[in-house]
Amino acid sequence: MILEVDFGNTRLKWRILDSVTLACIDRGAVLQILGLLPALHAKGYYRFVFCRVCSVRGCADNAQLSAVIKDGFGLNTVYARSFKQLAGVISGYMQPEKLGVDRWLAIVASYQQTKGASVVIDCGTAITVDFVTQSGRHLGGNIAPGLQLLSSMLKTGTQLMRDITEPKAVDNQQVGVSTETAVAEGVRSMFVGFIREQLNVARARLGDSFSVICTGGDSALVRSFFDDAIVDEDLVFIGLAIACPYREEEMK
């Protein structure tokens, strides 16, 4: 079996693939590195032939993750990196290695699926939007705080959200009837406004024909006002497999 890890800002997501068919057979997530082995062992996973990782974390966190995987499974960990060119995609960054590897993998995976112009949206801790042309040239992208981050900014930066006891509204009024719902609607509006502006940028840079591909926990919100958006929770993992392929003969 193959272990895949997406080490993000807030969670460590994992998938298990069959090493022969490469089909996904299980998945999960933990909040801390030390929670990975117990989570895998609890499901009966004790042996893997290969481990690949997409990590946006620093060297210390990556070293700890590598040590945990080495101690637990006897494997050296292969980390994806951002490059100037991969699988028909050319990075738009002046310093390609500075492009977040999760964004790079999502861009590569998106182009492999669409083979055309696309807008790649990752709705996680941050919202990242990247633009790719019909020929596979990455034009660059934009980044904004995600829904949870926007909410936490208000909680930590103002008195507004402290000690709230008002109930949430259950209907979609678009206008808050309590402090909590007013903040929730304001954050939602900022999210939607940002995405709509990015789609306007896409029309100006890519023309009227492009795909919108979303990944991340809040992707459904994009789908709610852009019906043609494709939601793929495994976009980063798909790109990870392209960047770090498993070759059985190399493992022997």
# chains A, B, ... in the order shown; residues from 1 in each chain; ligands from 1

$ select_by_dssp --residues "segment 13-123 of chain A" --states "alpha helix (DSSP H)" --output "NGL selection string"
:A and (36-42 or 59-73 or 101-114)

$ write_last_selection --atoms "N, CA and C atoms" --output "mmCIF file, in the first residue's frame"
data_model
loop_
_atom_site.group_PDB
_atom_site.id
_atom_site.type_symbol
_atom_site.label_atom_id
_atom_site.label_comp_id
_atom_site.auth_asym_id
_atom_site.auth_seq_id
_atom_site.Cartn_x
_atom_site.Cartn_y
_atom_site.Cartn_z
ATOM 1 N N LEU A 36 -0.903 10.751 13.672
ATOM 2 C CA LEU A 36 -0.961 10.001 12.417
ATOM 3 C C LEU A 36 -0.838 8.497 12.636
ATOM 4 N N LEU A 37 0.207 8.067 13.344
ATOM 5 C CA LEU A 37 0.401 6.634 13.542
ATOM 6 C C LEU A 37 -0.768 5.981 14.281
ATOM 7 N N PRO A 38 -1.231 6.560 15.396
ATOM 8 C CA PRO A 38 -2.383 5.952 16.070
ATOM 9 C C PRO A 38 -3.609 5.841 15.167
ATOM 10 N N ALA A 39 -3.830 6.855 14.323
ATOM 11 C CA ALA A 39 -4.980 6.824 13.413
ATOM 12 C C ALA A 39 -4.846 5.699 12.397
ATOM 13 N N LEU A 40 -3.645 5.511 11.863
ATOM 14 C CA LEU A 40 -3.415 4.455 10.880
ATOM 15 C C LEU A 40 -3.444 3.074 11.539
ATOM 16 N N HIS A 41 -2.816 2.961 12.695
ATOM 17 C CA HIS A 41 -2.807 1.675 13.398
ATOM 18 C C HIS A 41 -4.214 1.264 13.829
ATOM 19 N N ALA A 42 -5.021 2.233 14.203
ATOM 20 C CA ALA A 42 -6.392 1.923 14.631
ATOM 21 C C ALA A 42 -7.200 1.297 13.504
ATOM 22 N N CYS A 59 10.686 23.363 7.956
ATOM 23 C CA CYS A 59 11.649 22.265 8.027
ATOM 24 C C CYS A 59 11.499 21.435 9.290
ATOM 25 N N ALA A 60 11.258 22.082 10.423
ATOM 26 C CA ALA A 60 11.158 21.356 11.690
ATOM 27 C C ALA A 60 9.962 20.406 11.679
ATOM 28 N N ASP A 61 8.820 20.886 11.202
ATOM 29 C CA ASP A 61 7.632 20.036 11.135
ATOM 30 C C ASP A 61 7.830 18.887 10.157
ATOM 31 N N ASN A 62 8.458 19.167 9.027
ATOM 32 C CA ASN A 62 8.699 18.115 8.034
ATOM 33 C C ASN A 62 9.663 17.062 8.575
ATOM 34 N N ALA A 63 10.681 17.513 9.312
ATOM 35 C CA ALA A 63 11.629 16.571 9.900
ATOM 36 C C ALA A 63 10.936 15.669 10.918
ATOM 37 N N GLN A 64 10.025 16.261 11.696
ATOM 38 C CA GLN A 64 9.285 15.452 12.674
ATOM 39 C C GLN A 64 8.388 14.436 11.981
ATOM 40 N N LEU A 65 7.714 14.865 10.914
ATOM 41 C CA LEU A 65 6.852 13.944 10.170
ATOM 42 C C LEU A 65 7.679 12.815 9.561
ATOM 43 N N SER A 66 8.823 13.140 8.976
ATOM 44 C CA SER A 66 9.676 12.119 8.382
ATOM 45 C C SER A 66 10.131 11.108 9.430
ATOM 46 N N ALA A 67 10.461 11.603 10.620
ATOM 47 C CA ALA A 67 10.917 10.720 11.691
ATOM 48 C C ALA A 67 9.800 9.792 12.148
ATOM 49 N N VAL A 68 8.585 10.320 12.242
ATOM 50 C CA VAL A 68 7.443 9.506 12.650
ATOM 51 C C VAL A 68 7.187 8.395 11.629
ATOM 52 N N ILE A 69 7.238 8.730 10.357
ATOM 53 C CA ILE A 69 6.993 7.737 9.305
ATOM 54 C C ILE A 69 8.132 6.719 9.240
ATOM 55 N N LYS A 70 9.352 7.185 9.435
ATOM 56 C CA LYS A 70 10.501 6.276 9.447
ATOM 57 C C LYS A 70 10.414 5.300 10.611
ATOM 58 N N ASP A 71 10.122 5.819 11.801
ATOM 59 C CA ASP A 71 10.028 4.973 12.987
ATOM 60 C C ASP A 71 8.848 4.007 12.902
ATOM 61 N N GLY A 72 7.734 4.498 12.351
ATOM 62 C CA GLY A 72 6.526 3.681 12.325
ATOM 63 C C GLY A 72 6.484 2.653 11.218
ATOM 64 N N PHE A 73 7.082 2.987 10.063
ATOM 65 C CA PHE A 73 6.940 2.107 8.898
ATOM 66 C C PHE A 73 8.253 1.774 8.197
ATOM 67 N N VAL A 101 3.603 24.565 -2.644
ATOM 68 C CA VAL A 101 3.573 23.271 -3.323
ATOM 69 C C VAL A 101 2.162 22.724 -3.443
ATOM 70 N N ASP A 102 1.294 23.043 -2.495
ATOM 71 C CA ASP A 102 -0.091 22.574 -2.612
ATOM 72 C C ASP A 102 -0.792 23.237 -3.786
ATOM 73 N N ARG A 103 -0.525 24.522 -3.996
ATOM 74 C CA ARG A 103 -1.074 25.213 -5.158
ATOM 75 C C ARG A 103 -0.524 24.616 -6.440
ATOM 76 N N TRP A 104 0.774 24.383 -6.488
ATOM 77 C CA TRP A 104 1.416 23.834 -7.676
ATOM 78 C C TRP A 104 0.826 22.476 -8.043
ATOM 79 N N LEU A 105 0.653 21.617 -7.063
ATOM 80 C CA LEU A 105 0.103 20.286 -7.332
ATOM 81 C C LEU A 105 -1.345 20.370 -7.802
ATOM 82 N N ALA A 106 -2.116 21.276 -7.207
ATOM 83 C CA ALA A 106 -3.511 21.449 -7.630
ATOM 84 C C ALA A 106 -3.579 21.970 -9.063
ATOM 85 N N ILE A 107 -2.677 22.882 -9.413
ATOM 86 C CA ILE A 107 -2.628 23.428 -10.773
ATOM 87 C C ILE A 107 -2.301 22.327 -11.777
ATOM 88 N N VAL A 108 -1.280 21.536 -11.465
ATOM 89 C CA VAL A 108 -0.863 20.451 -12.357
ATOM 90 C C VAL A 108 -1.989 19.429 -12.520
ATOM 91 N N ALA A 109 -2.624 19.051 -11.415
ATOM 92 C CA ALA A 109 -3.713 18.077 -11.472
ATOM 93 C C ALA A 109 -4.884 18.614 -12.277
ATOM 94 N N SER A 110 -5.189 19.884 -12.091
ATOM 95 C CA SER A 110 -6.294 20.507 -12.814
ATOM 96 C C SER A 110 -6.042 20.484 -14.312
ATOM 97 N N TYR A 111 -4.821 20.828 -14.721
ATOM 98 C CA TYR A 111 -4.524 20.860 -16.152
ATOM 99 C C TYR A 111 -4.552 19.467 -16.759
ATOM 100 N N GLN A 112 -4.115 18.482 -16.000
ATOM 101 C CA GLN A 112 -4.157 17.111 -16.501
ATOM 102 C C GLN A 112 -5.591 16.646 -16.719
ATOM 103 N N GLN A 113 -6.503 17.158 -15.914
ATOM 104 C CA GLN A 113 -7.898 16.760 -16.044
ATOM 105 C C GLN A 113 -8.611 17.514 -17.160
ATOM 106 N N THR A 114 -8.342 18.798 -17.296
ATOM 107 C CA THR A 114 -9.100 19.626 -18.239
ATOM 108 C C THR A 114 -8.412 19.781 -19.592
#

$ residues_around --residues "Ala202 of chain A" --least-positions-apart "4" --cutoff "12 Å" --atoms "only C-alpha atoms" --output "PDB file with N, CA, C and O atoms, in the first residue's frame"
ATOM      1  N   ALA A 117      -7.905  25.849 -20.489  1.00  0.00           N
ATOM      2  CA  ALA A 117      -7.863  26.993 -19.587  1.00  0.00           C
ATOM      3  C   ALA A 117      -8.684  26.700 -18.336  1.00  0.00           C
ATOM      4  O   ALA A 117      -9.762  26.114 -18.409  1.00  0.00           O
ATOM      5  N   SER A 118      -8.166  27.126 -17.189  1.00  0.00           N
ATOM      6  CA  SER A 118      -8.877  26.838 -15.950  1.00  0.00           C
ATOM      7  C   SER A 118      -8.555  27.856 -14.862  1.00  0.00           C
ATOM      8  O   SER A 118      -7.519  28.532 -14.887  1.00  0.00           O
ATOM      9  N   VAL A 119      -9.475  27.934 -13.917  1.00  0.00           N
ATOM     10  CA  VAL A 119      -9.289  28.681 -12.681  1.00  0.00           C
ATOM     11  C   VAL A 119      -9.301  27.649 -11.561  1.00  0.00           C
ATOM     12  O   VAL A 119     -10.271  26.905 -11.404  1.00  0.00           O
ATOM     13  N   VAL A 120      -8.214  27.590 -10.809  1.00  0.00           N
ATOM     14  CA  VAL A 120      -8.074  26.602  -9.752  1.00  0.00           C
ATOM     15  C   VAL A 120      -8.236  27.299  -8.407  1.00  0.00           C
ATOM     16  O   VAL A 120      -7.457  28.194  -8.063  1.00  0.00           O
ATOM     17  N   ILE A 121      -9.247  26.900  -7.655  1.00  0.00           N
ATOM     18  CA  ILE A 121      -9.574  27.559  -6.389  1.00  0.00           C
ATOM     19  C   ILE A 121      -9.431  26.566  -5.239  1.00  0.00           C
ATOM     20  O   ILE A 121     -10.059  25.519  -5.243  1.00  0.00           O
ATOM     21  N   VAL A 129      -6.372  31.340  -5.586  1.00  0.00           N
ATOM     22  CA  VAL A 129      -6.955  31.279  -6.927  1.00  0.00           C
ATOM     23  C   VAL A 129      -5.823  31.384  -7.941  1.00  0.00           C
ATOM     24  O   VAL A 129      -5.028  32.324  -7.893  1.00  0.00           O
ATOM     25  N   ASP A 130      -5.741  30.400  -8.831  1.00  0.00           N
ATOM     26  CA  ASP A 130      -4.692  30.392  -9.849  1.00  0.00           C
ATOM     27  C   ASP A 130      -5.298  30.271 -11.235  1.00  0.00           C
ATOM     28  O   ASP A 130      -6.330  29.604 -11.423  1.00  0.00           O
ATOM     29  N   PHE A 131      -4.631  30.897 -12.211  1.00  0.00           N
ATOM     30  CA  PHE A 131      -5.145  30.977 -13.568  1.00  0.00           C
ATOM     31  C   PHE A 131      -4.192  30.248 -14.520  1.00  0.00           C
ATOM     32  O   PHE A 131      -2.982  30.508 -14.516  1.00  0.00           O
ATOM     33  N   VAL A 132      -4.749  29.353 -15.330  1.00  0.00           N
ATOM     34  CA  VAL A 132      -3.955  28.546 -16.247  1.00  0.00           C
ATOM     35  C   VAL A 132      -4.544  28.668 -17.650  1.00  0.00           C
ATOM     36  O   VAL A 132      -5.757  28.544 -17.841  1.00  0.00           O
ATOM     37  N   THR A 133      -3.687  28.903 -18.628  1.00  0.00           N
ATOM     38  CA  THR A 133      -4.147  29.082 -20.010  1.00  0.00           C
ATOM     39  C   THR A 133      -4.387  27.748 -20.706  1.00  0.00           C
ATOM     40  O   THR A 133      -4.034  26.683 -20.192  1.00  0.00           O
ATOM     41  N   HIS A 138       0.798  28.847 -16.494  1.00  0.00           N
ATOM     42  CA  HIS A 138       0.246  29.405 -15.266  1.00  0.00           C
ATOM     43  C   HIS A 138       0.520  30.914 -15.258  1.00  0.00           C
ATOM     44  O   HIS A 138       1.673  31.344 -15.361  1.00  0.00           O
ATOM     45  N   LEU A 139      -0.537  31.700 -15.165  1.00  0.00           N
ATOM     46  CA  LEU A 139      -0.382  33.154 -15.229  1.00  0.00           C
ATOM     47  C   LEU A 139      -0.070  33.781 -13.874  1.00  0.00           C
ATOM     48  O   LEU A 139       0.313  34.941 -13.795  1.00  0.00           O
ATOM     49  N   GLY A 140      -0.243  33.008 -12.811  1.00  0.00           N
ATOM     50  CA  GLY A 140      -0.106  33.534 -11.459  1.00  0.00           C
ATOM     51  C   GLY A 140      -1.424  33.364 -10.724  1.00  0.00           C
ATOM     52  O   GLY A 140      -2.341  32.675 -11.192  1.00  0.00           O
ATOM     53  N   GLY A 141      -1.531  33.988  -9.566  1.00  0.00           N
ATOM     54  CA  GLY A 141      -2.754  33.832  -8.793  1.00  0.00           C
ATOM     55  C   GLY A 141      -2.882  34.864  -7.692  1.00  0.00           C
ATOM     56  O   GLY A 141      -2.049  35.770  -7.567  1.00  0.00           O
ATOM     57  N   ASN A 142      -3.933  34.723  -6.909  1.00  0.00           N
ATOM     58  CA  ASN A 142      -4.205  35.632  -5.803  1.00  0.00           C
ATOM     59  C   ASN A 142      -4.568  34.837  -4.558  1.00  0.00           C
ATOM     60  O   ASN A 142      -5.088  33.719  -4.645  1.00  0.00           O
ATOM     61  N   ILE A 195     -14.362  35.713  -4.798  1.00  0.00           N
ATOM     62  CA  ILE A 195     -14.394  34.704  -5.858  1.00  0.00           C
ATOM     63  C   ILE A 195     -14.970  35.283  -7.147  1.00  0.00           C
ATOM     64  O   ILE A 195     -14.459  35.049  -8.252  1.00  0.00           O
ATOM     65  N   ARG A 196     -16.034  36.070  -7.028  1.00  0.00           N
ATOM     66  CA  ARG A 196     -16.634  36.669  -8.223  1.00  0.00           C
ATOM     67  C   ARG A 196     -15.656  37.610  -8.913  1.00  0.00           C
ATOM     68  O   ARG A 196     -15.594  37.656 -10.150  1.00  0.00           O
ATOM     69  N   GLU A 197     -14.894  38.344  -8.143  1.00  0.00           N
ATOM     70  CA  GLU A 197     -13.897  39.230  -8.732  1.00  0.00           C
ATOM     71  C   GLU A 197     -12.825  38.424  -9.457  1.00  0.00           C
ATOM     72  O   GLU A 197     -12.358  38.809 -10.545  1.00  0.00           O
ATOM     73  N   GLN A 198     -12.443  37.284  -8.893  1.00  0.00           N
ATOM     74  CA  GLN A 198     -11.437  36.440  -9.541  1.00  0.00           C
ATOM     75  C   GLN A 198     -11.961  35.853 -10.852  1.00  0.00           C
ATOM     76  O   GLN A 198     -11.209  35.682 -11.816  1.00  0.00           O
ATOM     77  N   LEU A 206      -8.357  34.951 -19.622  1.00  0.00           N
ATOM     78  CA  LEU A 206      -8.485  33.655 -20.282  1.00  0.00           C
ATOM     79  C   LEU A 206      -9.555  33.618 -21.361  1.00  0.00           C
ATOM     80  O   LEU A 206      -9.635  32.649 -22.123  1.00  0.00           O
ATOM     81  N   GLY A 207     -10.406  34.647 -21.407  1.00  0.00           N
ATOM     82  CA  GLY A 207     -11.537  34.615 -22.318  1.00  0.00           C
ATOM     83  C   GLY A 207     -12.755  34.018 -21.640  1.00  0.00           C
ATOM     84  O   GLY A 207     -12.781  33.820 -20.417  1.00  0.00           O
ATOM     85  N   ASP A 208     -13.770  33.735 -22.416  1.00  0.00           N
ATOM     86  CA  ASP A 208     -15.033  33.269 -21.840  1.00  0.00           C
ATOM     87  C   ASP A 208     -15.091  31.761 -21.618  1.00  0.00           C
ATOM     88  O   ASP A 208     -16.013  31.256 -20.974  1.00  0.00           O
ATOM     89  N   SER A 209     -14.120  31.034 -22.145  1.00  0.00           N
ATOM     90  CA  SER A 209     -14.162  29.573 -22.051  1.00  0.00           C
ATOM     91  C   SER A 209     -13.058  29.074 -21.121  1.00  0.00           C
ATOM     92  O   SER A 209     -11.880  29.064 -21.493  1.00  0.00           O
ATOM     93  N   PHE A 210     -13.434  28.690 -19.917  1.00  0.00           N
ATOM     94  CA  PHE A 210     -12.486  28.118 -18.963  1.00  0.00           C
ATOM     95  C   PHE A 210     -13.247  27.284 -17.939  1.00  0.00           C
ATOM     96  O   PHE A 210     -14.442  27.474 -17.727  1.00  0.00           O
ATOM     97  N   SER A 211     -12.545  26.356 -17.342  1.00  0.00           N
ATOM     98  CA  SER A 211     -13.123  25.516 -16.296  1.00  0.00           C
ATOM     99  C   SER A 211     -12.804  26.112 -14.932  1.00  0.00           C
ATOM    100  O   SER A 211     -11.755  26.745 -14.752  1.00  0.00           O
ATOM    101  N   VAL A 212     -13.697  25.910 -13.996  1.00  0.00           N
ATOM    102  CA  VAL A 212     -13.460  26.309 -12.606  1.00  0.00           C
ATOM    103  C   VAL A 212     -13.389  25.031 -11.779  1.00  0.00           C
ATOM    104  O   VAL A 212     -14.351  24.265 -11.714  1.00  0.00           O
TER     105      VAL A 212
END

$ select_by_dssp --residues "segment 1-241 of chain A" --states "strand (DSSP E or B)" --output "VMD selection string"
chain A and resid 2 to 7 12 to 17 24 to 30 50 to 55 78 to 79 85 to 86 89 to 90 118 to 123 126 to 132 137 to 145 211 to 215 230 to 231

$ atom_distance --atom1 "atom CA of Leu22 of chain A" --atom2 "atom CA of Phe83 of chain A"
24.4 Å

$ closest_residue --among "A:Val177, A:Ile213, A:Leu240, A:Val222" --to "Gly193 of chain A" --atoms "only C-alpha atoms"
A:Val222

$ residues_around --residues "segment 214-216 of chain A" --least-positions-apart "5" --cutoff "8 Å" --atoms "only C-alpha atoms" --output "list in words"
Val120, Ile121, Asp122, Cys123, Gly124, Val222, Ala229, Ile230, Val231, Asp232, Glu233, Asp234 and Leu235 of chain A

$ write_last_selection --atoms "all heavy atoms" --output "tab-separated table (two decimals), in the first residue's frame"
chain	number	residue	atom	x	y	z
A	120	VAL	N	-8.21	27.59	-10.81
A	120	VAL	CA	-8.07	26.60	-9.75
A	120	VAL	C	-8.24	27.30	-8.41
A	120	VAL	O	-7.46	28.19	-8.06
A	120	VAL	CB	-6.71	25.89	-9.83
A	120	VAL	CG1	-6.63	24.77	-8.80
A	120	VAL	CG2	-6.45	25.36	-11.23
A	121	ILE	N	-9.25	26.90	-7.65
A	121	ILE	CA	-9.57	27.56	-6.39
A	121	ILE	C	-9.43	26.57	-5.24
A	121	ILE	O	-10.06	25.52	-5.24
A	121	ILE	CB	-11.01	28.12	-6.40
A	121	ILE	CG1	-11.22	29.06	-7.59
A	121	ILE	CG2	-11.31	28.85	-5.10
A	121	ILE	CD1	-12.65	29.53	-7.77
A	122	ASP	N	-8.60	26.91	-4.27
A	122	ASP	CA	-8.44	26.08	-3.07
A	122	ASP	C	-9.00	26.87	-1.89
A	122	ASP	O	-8.47	27.90	-1.51
A	122	ASP	CB	-6.96	25.76	-2.84
A	122	ASP	CG	-6.76	24.71	-1.75
A	122	ASP	OD1	-7.67	24.54	-0.91
A	122	ASP	OD2	-5.71	24.06	-1.74
A	123	CYS	N	-10.10	26.35	-1.35
A	123	CYS	CA	-10.82	27.05	-0.27
A	123	CYS	C	-10.47	26.42	1.07
A	123	CYS	O	-11.25	25.65	1.64
A	123	CYS	CB	-12.32	26.98	-0.50
A	123	CYS	SG	-12.85	27.59	-2.09
A	124	GLY	N	-9.28	26.70	1.56
A	124	GLY	CA	-8.84	26.17	2.84
A	124	GLY	C	-8.66	27.28	3.86
A	124	GLY	O	-9.46	28.21	3.93
A	222	VAL	N	-18.50	27.84	-3.38
A	222	VAL	CA	-18.27	28.28	-4.76
A	222	VAL	C	-19.30	27.63	-5.68
A	222	VAL	O	-19.90	28.28	-6.54
A	222	VAL	CB	-16.85	27.91	-5.22
A	222	VAL	CG1	-16.64	28.33	-6.68
A	222	VAL	CG2	-15.80	28.55	-4.32
A	229	ALA	N	-18.92	24.85	-11.57
A	229	ALA	CA	-17.67	24.57	-10.87
A	229	ALA	C	-17.53	23.08	-10.58
A	229	ALA	O	-18.49	22.42	-10.17
A	229	ALA	CB	-17.60	25.37	-9.57
A	230	ILE	N	-16.35	22.57	-10.79
A	230	ILE	CA	-16.04	21.17	-10.49
A	230	ILE	C	-15.38	21.12	-9.11
A	230	ILE	O	-14.40	21.82	-8.86
A	230	ILE	CB	-15.07	20.58	-11.54
A	230	ILE	CG1	-15.69	20.65	-12.93
A	230	ILE	CG2	-14.69	19.15	-11.18
A	230	ILE	CD1	-14.69	20.38	-14.04
A	231	VAL	N	-15.93	20.33	-8.20
A	231	VAL	CA	-15.36	20.18	-6.87
A	231	VAL	C	-14.63	18.84	-6.80
A	231	VAL	O	-15.22	17.79	-7.05
A	231	VAL	CB	-16.45	20.25	-5.78
A	231	VAL	CG1	-15.85	19.99	-4.41
A	231	VAL	CG2	-17.14	21.61	-5.81
A	232	ASP	N	-13.35	18.89	-6.47
A	232	ASP	CA	-12.54	17.68	-6.38
A	232	ASP	C	-11.70	17.76	-5.11
A	232	ASP	O	-10.69	18.47	-5.06
A	232	ASP	CB	-11.64	17.55	-7.61
A	232	ASP	CG	-10.93	16.20	-7.68
A	232	ASP	OD1	-10.81	15.53	-6.64
A	232	ASP	OD2	-10.49	15.82	-8.78
A	233	GLU	N	-12.11	17.03	-4.09
A	233	GLU	CA	-11.41	17.09	-2.81
A	233	GLU	C	-10.01	16.50	-2.88
A	233	GLU	O	-9.17	16.73	-2.00
A	233	GLU	CB	-12.21	16.36	-1.73
A	233	GLU	CG	-12.37	14.87	-1.97
A	233	GLU	CD	-13.06	14.17	-0.81
A	233	GLU	OE1	-12.73	14.48	0.34
A	233	GLU	OE2	-13.93	13.33	-1.08
A	234	ASP	N	-9.72	15.72	-3.92
A	234	ASP	CA	-8.43	15.05	-4.03
A	234	ASP	C	-7.47	15.71	-5.00
A	234	ASP	O	-6.47	15.10	-5.40
A	234	ASP	CB	-8.65	13.59	-4.46
A	234	ASP	CG	-9.25	12.74	-3.35
A	234	ASP	OD1	-9.08	13.10	-2.17
A	234	ASP	OD2	-9.90	11.74	-3.67
A	235	LEU	N	-7.74	16.94	-5.36
A	235	LEU	CA	-6.93	17.60	-6.39
A	235	LEU	C	-5.44	17.63	-6.02
A	235	LEU	O	-4.58	17.34	-6.86
A	235	LEU	CB	-7.44	19.03	-6.61
A	235	LEU	CG	-7.16	19.67	-7.96
A	235	LEU	CD1	-7.73	18.83	-9.09
A	235	LEU	CD2	-7.72	21.08	-8.01

$ atom_distance --atom1 "atom CA of Cys244 of chain A" --atom2 "atom CA of Pro96 of chain A"
17.4 Å

$ closest_residue --among "A:Asn200, A:Ser19, A:Ser189, A:Gln85" --to "Arg137 of chain A" --atoms "only C-alpha atoms"
A:Gln85

$ atom_distance --atom1 "atom CA of Ile127 of chain A" --atom2 "atom CA of Arg223 of chain A"
14.5 Å

$ residues_around --residues "Arg57 of chain A" --least-positions-apart "5" --cutoff "9 Å" --atoms "only C-alpha atoms" --output "list in words"
Phe7, Gly8, Asn9 and Asn62 of chain A

$ residues_around --residues "Arg188 of chain A" --least-positions-apart "5" --cutoff "10 Å" --atoms "only C-alpha atoms" --output "list in words"
Gly146, Leu147, Leu150, Ser151, Gln174, Ala182, Val183, Gly193, Phe194 and Leu221 of chain A

$ closest_residue --among "A:Gly186, A:Gly74, A:Gly217, A:Gly239" --to "Arg11 of chain A" --atoms "only C-alpha atoms"
A:Gly217

$ residues_around --residues "Ile25 of chain A" --least-positions-apart "4" --cutoff "9 Å" --atoms "only C-alpha atoms" --output "VMD selection string"
chain A and resid 15 to 18

$ write_last_selection --atoms "N, CA, C and O atoms" --output "compact mmCIF listing (two decimals), in the first residue's frame"
# COMPACT_ATOMS: atom_id res chain seq x y z
N ARG A 15 -4.22 9.63 2.75
CA ARG A 15 -4.93 8.65 1.92
C ARG A 15 -4.10 7.38 1.82
O ARG A 15 -2.86 7.43 1.85
N ILE A 16 -4.77 6.25 1.66
CA ILE A 16 -4.13 4.98 1.43
C ILE A 16 -4.51 4.51 0.03
O ILE A 16 -5.69 4.47 -0.32
N LEU A 17 -3.50 4.16 -0.78
CA LEU A 17 -3.74 3.64 -2.12
C LEU A 17 -3.28 2.19 -2.21
O LEU A 17 -2.28 1.80 -1.59
N ASP A 18 -3.99 1.42 -3.00
CA ASP A 18 -3.52 0.09 -3.37
C ASP A 18 -2.31 0.27 -4.28
O ASP A 18 -2.38 1.00 -5.27

$ closest_residue --among "A:Gly100, A:Asp218, A:Leu31, A:Ala80" --to "Ile238 of chain A" --atoms "only C-alpha atoms"
A:Ala80
